[in-house]
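Remarks on the structure that follows.
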Amino acid sequence: MSSFFSYLINGISLGSIYAIIALGYTMVYGIAKMLNFAHGDVIMVGSYMTFLMASSLGLPPVLAVLIAVVICTTLGITIEKIAYKPLRKAPSLAVLITAIGVSYFLQNAALLIFGANTKMFKSVINLPAIKLANGSINISGETQVTIVACVVIMLALTTFIKKTKAGQAMLAVSEDKGAAELMGVNVNGTISLTFAIGSALAAVAGVLLCSAYPTLTPYTGSMPGIKAFVAAVFGGIGSIPGAFLGGILLGIIENMSKAYISSQLSDAIVFSVLIIVLLVKPTGILGKKIKEKV
Amino acid sequence: MKKFTSVLLAVAMVATMLVGCGAKTEAPAATENAAVEAADGSVFKIGGSGPITGGAAVYGLAVQRGAQIAVEEINAAGGINGYQIDYNFADDEHDAEKAVNGYNTLKDWGMQMFMGTTTSGPCVAVVEKTNEDNMYQITPSGSAVECIKYPNAFRVCFSDPGQGGKSAQYIGENKIASKVAVIYDSSDVYSTGIYQSFKADAANYGVELVAEEAFTADNKTDFTIQLQKAKDAGAELVFLPIYYSEAALILSQANNMGFAPMFFGCDGLDGILSVEDFDTTLAEGVMLLTPFAADAEDEATQSFVSAYQDAFGEIPIQFAADAYDAIYIMKAALENADATPEMSASELCEVMKAAMLEITVDGLTGAGMTWTEDGEVNKEPKAVKIVDGAYTAM
């Protein structure tokens with residue numbers, strides 16, 4: 001029984017990381033109506049920046065993470081301005097391909113700058129592990145911080161969107177870009193803000209990911225990025241609680257299938273779940289069905 | 001203005017790519033070892049291949065450097081049959097496609113004999129090419145069975161089934177543990193090969209497999225589940241027939257969850273002490289089956305270790321010794337066959353194939369090594385243990 005709880009807690013922890021990444025995917029999709037496949041690679045950039053600041057320059061972890069967040073936010077806004085904004089009127093396929101291009105560009109640039117050697121990432125989290133049930137359940141500091149961070153981020157984002165003017169502008173843009181512009185909403189500014197928030201979240205996710213699983217390569221972000229995209233679709237893309245729910249569920253499914261079915265097939269099972277959910281409920285668990293106006 | 005920016009960026013992107021490619025193609029040339037040519041200008045041209053960059057770089061670098069030391073020694077002592085050796089090394093990044101490209105580049109350079117590749121996956125791809133070309137090939141460390149499935153290919157190390165069986169034998173006969181869990185990479189031919197032979201032989205030596213867990217190349221960061229299952233099954237020892245990058249993660253995750261079994265690995269774990277920023281105290285007590293221990297007291301090992309340390313500033317791992325032996329094995333075969341550099345690669349291959357069955361080589365990785373027609377080596381296994389951050393003979 002105690003190992004079941006261990007699997008569950010590890011699953012929630014992994015799922016929380018997916019959820020934080022998925023929040024970035026889902027916000028950008030909801031507002032700019034595009035799939036930002038470079039999101040996973042922004043995670044990788046965030047991790048490398050933290051690694052550089054903390055290991056090479058010896059800065060305290062909190063400062064290192066803050067700098068990484070600032071760099072990733074800037075990177076996110078820059079990518080949006082250069083690669084996506086000129087294509088705002090272009091067909092969505094063009095933007096999708098551009099996003100894939102940006103993703104490969106970031107991976108190869110990292111390969112060139114940092115080399116392909118695996119870096120051991122020193123955890124930035126220094127909390128003692130909690131031991132339950134006479135030490136048979138061990139919750140590491142990384143797990144605690146990841147789960148708390150995920151819940152805090154989810155709540156903060158929901159409040160931000162409900163209570164602030166900028167958040168309301170985001171909602172308006174996601175519902176109808178044209179109408180929002182006519183009502184005086186700064187559409188370009190709102191989209192930039194979305195990318196900024198998404199990329200800042202990516203940096204946080206990168207730090208948590210690499211603290212929990214301490215290896216860092218230029219491809220670190222790509223698999224979690226794809227899984228988080230699955231989580232976003234699973235929960236209903238465009239929906240913030242959906243991304244949260246999708247991420248956590250995906251993490252639990254992945255770990256449970258590793259534990260009780262087969263450690264080899266866990267990825268296959270995760271993606272099968274996606275296919276089944278989409279067949280039964282094409283909009284995802286919490287997705288809303290939007291009628292297209294003819 | 002916008003157009004201009006995007007054009008500028010496109011140019012920058014293309015430029016980065018070109019710079020990337022440029023750097024890669026230069027790599028083999030940079031490692032070229034300018035040999036002093038014999039009086040008539042002919043030299044033996046030996047090419048090598050392995051990952052100098054990427055996740056398995058520790059092995060490729062060790063092989064490149066170990067072979068380089070052997071080449072320099074042989075050249076200084078007058079060469080093979082009076083001819084000097086010219087040595088060149090290609091980076092394959094532990095990737096089959098890049099290994100074949102590297103092999104072709106080496107052929108263009110004029111390679112007559114091939115010492116490679118370092119890792120099994122690429123080796124299985126390249127052996128197809130060397131067989132087509134009838135090029136003599138000896139792999140220092142490619143341990144998958146298929147690495148040497150053709151008559152032109154030989155190896156210095158044990159095969160994967162060899163390693164798996166010998167590990168089971170070692171653990172059982174020395175009563176190290178009776179309940180063993182295995183964590184292996186099901187997407188890797190090296191890891192699966194060892195796992196299967198270990199499993200087949202375990203029962204014969206009184207070793208009980210209590211958990212058999214796998215991971216894949218796409219899912220190799222989180223091992224807590226596999227470790228938890230090993231822990232729940234009461235494993236006293238976890239057998240890790242995998243490479244050191246993942247093993248480093250497994251050790252640190254096991255430590256985080258308070259699971260402290262013994263760990264036992266094969267030659268893939270060799271190199272774990274050189275991982276950047278890895279806390280080597282986690283590797284304390286890890287055992288690995290390897291035919292080479294840098295602290296062995298025989299004269300050959302001592303002089304190799306000190307030459308390696310002088311040249312590269314680190315203690316050589318088994319792969320370096322394998323490559324060093326590989327060059328001396330080639331030398332023995334060439335001398336046995338009385339070969340000269342005027343012979344074509346294919347002619348050399350024919351005479352060396354015959355010579356391999358006759359020679360006996362005393363190397364760093366084994367005394368009295370002999371070869372059979374299938375290319376496998378005969379020698380005794382040894383195990384080392386990591387004590388105070390260094391490999392120590394058991």
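Going through the structure tokens in order, the chains are called A, B, and so on, while each chain numbers its residues from 1 and the ligands are numbered from 1 in the order shown.
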
Pick out the chain B residues within 8 Å of chain A. Count only C-alpha atoms. Give them as JSON, numbers by chain. {"B": [6, 13, 16, 20, 53, 54, 55, 57, 186, 213, 214, 215, 216, 218, 219, 221, 222, 224, 225, 226, 228, 229, 232, 245, 249, 256, 257, 258, 275, 276, 277, 278]}

Can you list, as a PyMOL selection string, every protein, DNA or RNA residue that comes within 8 Å of stretch 113-125 of chain B when you count only C-alpha atoms, leaving out same-chain residues fewer than 3 positions away? chain B and resi 45-51+59-60+63+92+94-97+99-100+128-129+135-144+146-148+188-190+323+326-327+345+348-349

Near-A:Lys89 list (12 Å; only C-alpha atoms; drop same-chain fewer than 6 positions) as a count of residues only: 5

Show me, as an NGL selection string, the residues that have an atom within 10 Å of stretch 363-366 of chain B when counting only C-alpha atoms, minus same-chain residues fewer than 4 positions from it. :B and (156-157 or 290-294 or 296 or 298-302 or 304 or 318-326 or 328-329 or 370 or 377-382)

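Reported to one decimal place, the separation of atom CA of B:Ala367 from atom CA of B:Glu73 is 19.6 Å.
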
Using only C-alpha atoms, which residues sit within 6 Å of B:Ala230 once same-chain residues fewer than 4 positions away are excluded, as a PyMOL selection string? chain B and resi 181+211+235

Every residue of stretch 140-248 of chain B that DSSP places in helix (DSSP H, G or I), as a ChimeraX atom specification: /B:145-148,160-173,189-205,224-232,244-248

Suppose you want the space between atom CA of A:Ala231 and atom CA of A:Leu157; what is it in Å?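 Computed distance, atom CA of A:Ala231 to atom CA of A:Leu157, equals 17.6 Å.
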
Grab the atom CA of A:His39 to atom CA of A:Ile240 distance for me, in Å with one decimal place. 16.3 Å

Given only C-alpha atoms as the counted atoms, nearest of B:Lys331, B:Gly110, B:Ala153, B:Val145 to B:Thr130: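 The shortest atom-to-atom distance to B:Thr130 comes from B:Ala153.
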
Could you give me, as a PDB file with C-alpha atoms, in the first residue's frame, the residues within 12 Å of A:Leu66, counting only C-alpha atoms and dropping anything in the same chain fewer than 2 positions from it?
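File written: part04.pdb
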ATOM      1  CA  GLY A  46      15.323  28.176 -18.937  1.00  0.00           C
ATOM      2  CA  SER A  47      17.089  25.148 -17.473  1.00  0.00           C
ATOM      3  CA  MET A  49      20.182  29.577 -17.927  1.00  0.00           C
ATOM      4  CA  THR A  50      19.564  28.449 -14.352  1.00  0.00           C
ATOM      5  CA  MET A  53      23.813  31.135 -13.293  1.00  0.00           C
ATOM      6  CA  ALA A  54      23.854  28.663 -10.402  1.00  0.00           C
ATOM      7  CA  LEU A  59      24.645  32.828  -7.898  1.00  0.00           C
ATOM      8  CA  PRO A  60      22.160  31.873  -5.171  1.00  0.00           C
ATOM      9  CA  PRO A  61      19.397  29.582  -6.548  1.00  0.00           C
ATOM     10  CA  VAL A  62      16.529  32.060  -6.154  1.00  0.00           C
ATOM     11  CA  LEU A  63      18.399  34.752  -8.073  1.00  0.00           C
ATOM     12  CA  ALA A  64      19.429  32.228 -10.740  1.00  0.00           C
ATOM     13  CA  ALA A  68      16.223  32.531 -16.029  1.00  0.00           C
ATOM     14  CA  VAL A  69      12.578  33.622 -15.843  1.00  0.00           C
ATOM     15  CA  VAL A  70      13.469  37.102 -17.118  1.00  0.00           C
ATOM     16  CA  ILE A  71      15.570  35.686 -19.979  1.00  0.00           C
ATOM     17  CA  CYS A  72      12.854  33.225 -21.000  1.00  0.00           C
ATOM     18  CA  THR A  73      10.177  35.921 -20.869  1.00  0.00           C
ATOM     19  CA  VAL A 124      18.025  24.415  -6.688  1.00  0.00           C
ATOM     20  CA  ALA A 200       8.010  32.618 -17.717  1.00  0.00           C
ATOM     21  CA  LEU A 201       6.037  29.495 -16.730  1.00  0.00           C
ATOM     22  CA  ALA A 203      11.327  28.693 -17.224  1.00  0.00           C
ATOM     23  CA  VAL A 204       9.815  27.708 -13.878  1.00  0.00           C
ATOM     24  CA  VAL A 207      13.906  24.495 -13.223  1.00  0.00           C
TER      25      VAL A 207
END
